[in-house]
file final00.cif (mmCIF, C-alpha atoms)
data_start
loop_
_atom_site.label_atom_id
_atom_site.label_comp_id
_atom_site.auth_asym_id
_atom_site.auth_seq_id
_atom_site.Cartn_x
_atom_site.Cartn_y
_atom_site.Cartn_z
CA MET A 1 21.28 -6.80 36.61
CA GLY A 2 22.41 -3.43 35.29
CA ARG A 3 20.26 -3.82 32.18
CA ILE A 4 17.12 -3.81 34.32
CA PHE A 5 17.84 -0.21 35.26
CA ASP A 6 18.75 0.83 31.72
CA ILE A 7 16.59 3.74 30.60
CA ASP A 8 15.15 1.69 27.70
CA SER A 9 14.50 -1.45 29.71
CA PRO A 10 10.89 -2.66 30.17
CA VAL A 11 11.10 -2.04 33.91
CA MET A 12 12.20 1.57 33.51
CA ARG A 13 9.63 2.22 30.79
CA PHE A 14 6.94 0.82 33.07
CA LEU A 15 8.08 2.97 35.99
CA SER A 16 8.21 6.02 33.73
CA ARG A 17 4.65 5.36 32.60
CA VAL A 18 3.50 4.97 36.19
CA ALA A 19 5.13 8.30 37.06
CA ASP A 20 3.42 10.00 34.11
CA LEU A 21 0.03 8.66 35.20
CA MET A 22 0.64 9.85 38.77
CA ILE A 23 1.53 13.35 37.57
CA LEU A 24 -1.55 13.50 35.35
CA ASN A 25 -3.76 12.27 38.16
CA VAL A 26 -2.46 14.97 40.50
CA LEU A 27 -3.07 17.65 37.85
CA MET A 28 -6.58 16.33 37.29
CA ALA A 29 -7.29 16.20 41.02
CA LEU A 30 -6.21 19.84 41.33
CA CYS A 31 -8.64 20.73 38.55
CA CYS A 32 -11.44 19.09 40.53
CA ILE A 33 -11.03 21.49 43.47
CA PRO A 34 -12.68 24.38 41.60
CA ILE A 35 -15.56 22.30 40.19
CA ILE A 36 -15.94 24.60 37.20
CA THR A 37 -12.57 23.50 35.75
CA ILE A 38 -13.26 19.75 35.75
CA GLY A 39 -14.27 19.70 32.09
CA ALA A 40 -11.11 21.47 30.95
CA GLY A 41 -9.09 19.16 33.19
CA PHE A 42 -10.54 16.05 31.55
CA THR A 43 -9.82 17.57 28.14
CA GLY A 44 -6.16 18.17 29.02
CA LEU A 45 -5.92 14.70 30.54
CA HIS A 46 -7.16 12.97 27.40
CA TYR A 47 -5.03 15.19 25.15
CA VAL A 48 -1.86 13.95 26.84
CA LEU A 49 -3.01 10.34 27.21
CA LEU A 50 -3.87 9.97 23.53
CA LYS A 51 -0.36 11.11 22.65
CA ILE A 52 1.07 8.65 25.19
CA VAL A 53 -0.96 5.78 23.75
CA ARG A 54 0.34 6.65 20.28
CA ASN A 55 3.92 6.93 21.55
CA GLU A 56 4.08 10.63 20.70
CA GLU A 57 4.25 12.02 24.22
CA GLY A 58 6.23 15.12 25.04
CA TYR A 59 6.12 17.21 28.20
CA ILE A 60 3.30 15.93 30.40
CA ALA A 61 2.39 19.08 32.35
CA ARG A 62 3.00 21.40 29.39
CA GLY A 63 0.71 19.35 27.13
CA PHE A 64 -1.95 19.15 29.82
CA PHE A 65 -2.12 22.89 30.41
CA LYS A 66 -1.84 23.65 26.68
CA SER A 67 -5.03 21.73 25.97
CA PHE A 68 -6.60 23.01 29.21
CA LYS A 69 -6.12 26.60 28.10
CA GLU A 70 -7.08 26.16 24.44
CA ASN A 71 -10.29 24.27 25.20
CA PHE A 72 -11.30 25.94 28.45
CA ARG A 73 -14.33 27.77 27.09
CA GLN A 74 -15.93 24.88 25.26
CA ALA A 75 -14.93 22.31 27.89
CA THR A 76 -16.49 24.41 30.65
CA LEU A 77 -19.72 24.88 28.70
CA ILE A 78 -19.94 21.15 27.98
CA TRP A 79 -19.18 20.34 31.61
CA LEU A 80 -22.00 22.65 32.77
CA ILE A 81 -24.39 20.90 30.38
CA VAL A 82 -23.26 17.53 31.77
CA LEU A 83 -23.81 18.77 35.34
CA VAL A 84 -27.36 19.87 34.48
CA PHE A 85 -28.21 16.45 33.04
CA LEU A 86 -26.65 14.61 35.97
CA GLY A 87 -28.49 16.89 38.40
CA VAL A 88 -31.80 16.09 36.69
CA PHE A 89 -31.16 12.36 36.89
CA VAL A 90 -30.14 12.51 40.55
CA GLY A 91 -33.25 14.56 41.32
CA ASP A 92 -35.47 12.05 39.50
CA TRP A 93 -33.84 9.16 41.36
CA LEU A 94 -34.49 10.85 44.72
CA ILE A 95 -38.12 11.44 43.79
CA PHE A 96 -38.62 7.85 42.67
CA TYR A 97 -37.18 6.30 45.81
CA PHE A 98 -38.07 8.74 48.57
CA SER A 99 -41.29 10.51 47.57
CA GLY A 100 -43.55 7.53 48.31
CA LEU A 101 -45.34 8.00 44.98
CA LYS A 102 -45.95 5.22 42.49
CA PHE A 103 -44.32 5.67 39.07
CA PRO A 104 -44.67 3.44 35.99
CA LYS A 105 -41.76 1.06 35.59
CA ALA A 106 -41.56 2.05 31.92
CA LEU A 107 -40.73 5.61 32.96
CA MET A 108 -37.89 4.38 35.15
CA VAL A 109 -36.55 2.24 32.30
CA VAL A 110 -36.63 5.23 29.93
CA LEU A 111 -34.80 7.44 32.44
CA LEU A 112 -32.21 4.72 33.03
CA ALA A 113 -31.67 4.39 29.28
CA LEU A 114 -31.25 8.16 28.96
CA PHE A 115 -28.80 8.18 31.86
CA MET A 116 -26.73 5.46 30.21
CA MET A 117 -26.76 7.44 26.96
CA VAL A 118 -25.47 10.54 28.75
CA CYS A 119 -22.71 8.45 30.39
CA MET A 120 -21.75 7.08 26.97
CA VAL A 121 -21.48 10.62 25.61
CA ILE A 122 -19.34 11.67 28.59
CA CYS A 123 -16.88 8.88 27.77
CA TYR A 124 -16.15 10.48 24.39
CA VAL A 125 -16.99 14.17 24.62
CA PHE A 126 -13.80 15.38 26.33
CA PRO A 127 -11.49 13.15 24.27
CA MET A 128 -13.30 14.45 21.17
CA LEU A 129 -12.85 18.03 22.33
CA SER A 130 -9.14 17.49 22.94
CA ARG A 131 -8.63 16.00 19.48
CA PHE A 132 -11.11 17.63 17.11
CA GLU A 133 -12.11 21.22 16.54
CA ASN A 134 -15.88 21.68 16.35
CA THR A 135 -18.89 23.46 17.82
CA VAL A 136 -20.24 22.38 21.20
CA PHE A 137 -23.38 20.92 19.64
CA ASN A 138 -21.47 18.92 17.02
CA THR A 139 -18.97 17.72 19.62
CA LEU A 140 -21.83 16.33 21.72
CA LYS A 141 -23.56 14.84 18.68
CA ASN A 142 -20.40 13.26 17.31
CA SER A 143 -19.57 11.84 20.74
CA LEU A 144 -22.89 10.02 20.72
CA PHE A 145 -22.22 8.71 17.20
CA MET A 146 -18.79 7.42 18.21
CA ALA A 147 -20.19 5.83 21.37
CA ILE A 148 -22.75 3.93 19.29
CA LEU A 149 -20.24 3.12 16.55
CA SER A 150 -17.94 1.42 19.08
CA PHE A 151 -20.60 0.19 21.50
CA PRO A 152 -18.64 -2.76 23.01
CA LYS A 153 -15.64 -0.50 23.65
CA THR A 154 -17.96 2.13 25.10
CA LEU A 155 -19.36 -0.37 27.60
CA LEU A 156 -15.83 -1.30 28.63
CA MET A 157 -14.98 2.38 29.04
CA LEU A 158 -18.00 2.81 31.32
CA VAL A 159 -16.80 -0.12 33.43
CA VAL A 160 -13.24 1.17 33.82
CA HIS A 161 -14.44 4.68 34.71
CA ALA A 162 -16.78 3.28 37.36
CA ALA A 163 -14.14 0.90 38.74
CA PRO A 164 -12.35 3.38 41.09
CA ALA A 165 -15.62 4.40 42.78
CA VAL A 166 -16.69 0.76 43.14
CA LEU A 167 -13.27 -0.21 44.48
CA LEU A 168 -13.31 2.64 46.98
CA TYR A 169 -16.82 1.69 48.14
CA PHE A 170 -16.02 -1.96 48.77
CA VAL A 171 -12.36 -1.53 49.76
CA PRO A 172 -11.98 1.76 51.66
CA HIS A 173 -8.27 1.03 52.22
CA SER A 174 -7.75 1.47 48.46
CA PHE A 175 -8.08 5.25 48.89
CA PRO A 176 -4.34 5.97 48.39
CA PHE A 177 -4.35 4.03 45.10
CA VAL A 178 -7.52 5.79 43.92
CA LEU A 179 -6.03 9.14 44.92
CA LEU A 180 -2.94 8.51 42.78
CA PHE A 181 -4.52 6.74 39.81
CA GLY A 182 -8.31 7.11 40.03
CA PHE A 183 -8.55 9.51 37.07
CA SER A 184 -5.52 8.74 34.96
CA VAL A 185 -5.62 4.92 34.76
CA PRO A 186 -9.27 4.67 33.60
CA ALA A 187 -8.64 7.50 31.13
CA TYR A 188 -5.46 5.76 29.92
CA ILE A 189 -7.34 2.51 29.29
CA SER A 190 -10.09 4.49 27.56
CA ALA A 191 -7.52 6.20 25.33
CA MET A 192 -6.24 2.80 24.23
CA LEU A 193 -9.82 1.88 23.33
CA TYR A 194 -10.93 5.03 21.50
CA SER A 195 -7.63 5.70 19.73
CA GLY A 196 -8.52 3.20 17.00
CA THR A 197 -11.99 4.70 16.63
CA PHE A 198 -10.51 8.17 16.22
CA LYS A 199 -8.09 6.88 13.60
CA ARG A 200 -11.05 5.83 11.45
CA PHE A 201 -11.81 9.53 11.02
CA GLU A 202 -8.22 10.67 10.51
CA PRO A 203 -6.11 10.51 7.33
CA GLN A 204 -3.76 7.63 8.03
CA GLU A 205 -0.79 9.23 6.28
CA GLU A 206 -0.74 12.25 8.58
CA PRO A 207 0.95 12.23 12.01
CA LEU A 208 -0.86 13.37 15.12
CA THR A 209 0.77 16.80 15.10
CA ASP A 210 -0.11 17.75 11.53
CA GLU A 211 -3.13 19.71 10.39
CA PHE A 212 -5.68 17.84 8.34
CA SER A 213 -9.35 17.53 7.50
CA ILE A 214 -11.73 14.62 7.95
CA ASP A 215 -13.60 13.10 5.04
CA MET A 216 -16.77 11.56 6.41
CA GLU A 217 -18.19 10.15 3.17
CA GLY A 218 -17.34 6.60 4.20
CA TYR A 219 -19.10 6.82 7.55
CA GLU A 220 -22.66 7.78 6.67
CA THR A 221 -23.98 4.85 8.68
CA ALA A 222 -22.39 6.16 11.83
CA GLY A 223 -23.94 9.63 11.43
CA ALA A 224 -22.73 12.87 9.93
CA MET A 225 -19.59 14.13 11.64
CA ALA A 226 -20.02 17.51 10.02
CA ASP A 227 -17.70 20.49 10.34
CA THR A 228 -15.08 18.51 12.24
CA ALA A 229 -11.35 19.10 12.01
CA VAL A 230 -8.36 17.69 13.82
CA LYS A 231 -6.62 20.14 16.12
CA GLU A 232 -3.07 21.09 15.29
CA ASP A 233 -0.38 20.71 17.94
CA GLY A 234 1.37 23.96 17.22
CA GLY A 235 -1.67 26.19 17.40
CA GLY A 236 -5.42 26.35 17.42
CA SER A 237 -6.09 26.59 13.68
CA SER A 238 -7.22 23.69 11.55
CA GLU A 239 -9.07 23.15 8.34
CA GLY A 240 -12.77 22.35 8.22
CA ALA A 241 -14.00 18.94 7.18
CA GLU A 242 -14.73 18.34 3.57
CA ASN A 243 -17.94 16.43 2.91
#

call {"tool": "encode", "arguments": {"input": "final00.cif", "output": "structure tokens"}}
result
Amino acid sequence: MGRIFDIDSPVMRFLSRVADLMILNVLMALCCIPIITIGAGFTGLHYVLLKIVRNEEGYIARGFFKSFKENFRQATLIWLIVLVFLGVFVGDWLIFYFSGLKFPKALMVVLLALFMMVCMVICYVFPMLSRFENTVFNTLKNSLFMAILSFPKTLLMLVVHAAPAVLLYFVPHSFPFVLLFGFSVPAYISAMLYSGTFKRFEPQEEPLTDEFSIDMEGYETAGAMADTAVKEDGGGSSEGAEN
């Protein structure tokens, strides 16, 4: 019986992981209060979760705010771009359904396809920002390439991110669970999915905390991941990618 409560027992490791996810979810929820900080919050969330998935976690809150601070400018700019696109799609949807006008079905299909593409990019853009150093444009472009490269995983990521909202809609009593895990659990599952994709663009001999470049010559079919570098744990500097 005593071994169950040993610090290295499966039960204690599970409870520790649950506690970490709760802490991260609270930090992310706090970042959602001032809407402008949501992008930086997602970046910090994925920074910590990728390290957890790779069994390299350290201090949860410290890692979260480290990435939050280092990527605040780019994350905020990307988040504003995302908000503009989402606002356009919501506006189009309201026009289609409430204006009383007749629109070609082909136009609705195209808009739906574009909306799905934007959602696919969102699944990767903040994890990419937390892991790789790049310009805003290249981060967005590379996120689309990665989403297409791992399309089945991307679809699963879309499902898990939508799951809390769907659960809350059909089961309102699930609100406490969504409040505690609605951000962190979907992001944790997503990190398990995209970690392998990220590794395809990382030198395998280097640990997560070391500085290194990405050689993209073997991935021409997935698109050019130009000027990308992996962010170093100890600071913001990293080498540019060598083509």

call {"tool": "resolve_selection", "arguments": {"input": "final00.cif", "expression": "the PyMOL selection byres ((chain A and resi 41-57) around 7)", "output": "PDB file with C-alpha atoms, keeping the file's coordinate frame"}}
result
ATOM      1  CA  LEU A  24      -1.550  13.500  35.350  1.00  0.00           C
ATOM      2  CA  MET A  28      -6.580  16.330  37.290  1.00  0.00           C
ATOM      3  CA  CYS A  31      -8.640  20.730  38.550  1.00  0.00           C
ATOM      4  CA  THR A  37     -12.570  23.500  35.750  1.00  0.00           C
ATOM      5  CA  ILE A  38     -13.260  19.750  35.750  1.00  0.00           C
ATOM      6  CA  GLY A  39     -14.270  19.700  32.090  1.00  0.00           C
ATOM      7  CA  ALA A  40     -11.110  21.470  30.950  1.00  0.00           C
ATOM      8  CA  GLY A  58       6.230  15.120  25.040  1.00  0.00           C
ATOM      9  CA  TYR A  59       6.120  17.210  28.200  1.00  0.00           C
ATOM     10  CA  ILE A  60       3.300  15.930  30.400  1.00  0.00           C
ATOM     11  CA  GLY A  63       0.710  19.350  27.130  1.00  0.00           C
ATOM     12  CA  PHE A  64      -1.950  19.150  29.820  1.00  0.00           C
ATOM     13  CA  PHE A  65      -2.120  22.890  30.410  1.00  0.00           C
ATOM     14  CA  SER A  67      -5.030  21.730  25.970  1.00  0.00           C
ATOM     15  CA  PHE A  68      -6.600  23.010  29.210  1.00  0.00           C
ATOM     16  CA  ALA A  75     -14.930  22.310  27.890  1.00  0.00           C
ATOM     17  CA  PHE A 126     -13.800  15.380  26.330  1.00  0.00           C
ATOM     18  CA  PRO A 127     -11.490  13.150  24.270  1.00  0.00           C
ATOM     19  CA  LEU A 129     -12.850  18.030  22.330  1.00  0.00           C
ATOM     20  CA  SER A 130      -9.140  17.490  22.940  1.00  0.00           C
ATOM     21  CA  ARG A 131      -8.630  16.000  19.480  1.00  0.00           C
ATOM     22  CA  ALA A 187      -8.640   7.500  31.130  1.00  0.00           C
ATOM     23  CA  TYR A 188      -5.460   5.760  29.920  1.00  0.00           C
ATOM     24  CA  ALA A 191      -7.520   6.200  25.330  1.00  0.00           C
ATOM     25  CA  MET A 192      -6.240   2.800  24.230  1.00  0.00           C
ATOM     26  CA  SER A 195      -7.630   5.700  19.730  1.00  0.00           C
TER      27      SER A 195
END

call {"tool": "resolve_selection", "arguments": {"input": "final00.cif", "expression": "the PyMOL selection byres ((chain A and resi 18) around 12)", "output": "PyMOL selection string"}}
result
chain A and resi 11-17+19-25+52+177+180-181+184-185+188

call {"tool": "resolve_selection", "arguments": {"input": "final00.cif", "expression": "the PyMOL selection byres ((chain A and resi 119) around 10)", "output": "PyMOL selection string"}}
result
chain A and resi 82+86+113-118+120-125+144+147+154-155+157-158

call {"tool": "axis_aligned_box", "arguments": {"input": "final00.cif", "around": "region 31-49 of chain A", "padding_each_side": "5 Å", "output": "AutoDock Vina command-line options"}}
result
--center_x -8.9 --center_y 17.5 --center_z 34.3 --size_x 24.1 --size_y 24.3 --size_z 28.3

call {"tool": "closest_residue", "arguments": {"input": "final00.cif", "among": "A:Pro172, A:Ala29, A:Phe183, A:Lys141", "to": "Val160 (chain A)", "atoms": "only C-alpha atoms"}}
result
A:Phe183

call {"tool": "residues_around", "arguments": {"input": "final00.cif", "residues": "Pro164 (chain A)", "least_positions_apart": "4", "cutoff": "8 Å", "atoms": "all atoms listed in the file", "output": "short mmCIF file (atom, residue, chain, number, x, y, z; two decimals) with C-alpha atoms, in the frame of the given file"}}
result
data_model
loop_
_atom_site.label_atom_id
_atom_site.label_comp_id
_atom_site.auth_asym_id
_atom_site.auth_seq_id
_atom_site.Cartn_x
_atom_site.Cartn_y
_atom_site.Cartn_z
CA VAL A 160 -13.24 1.17 33.82
CA LEU A 168 -13.31 2.64 46.98
CA VAL A 178 -7.52 5.79 43.92
CA GLY A 182 -8.31 7.11 40.03
#

call {"tool": "atom_distance", "arguments": {"input": "final00.cif", "atom1": "CA of Ala229 (chain A)", "atom2": "CA of Arg200 (chain A)"}}
result
13.3 Å
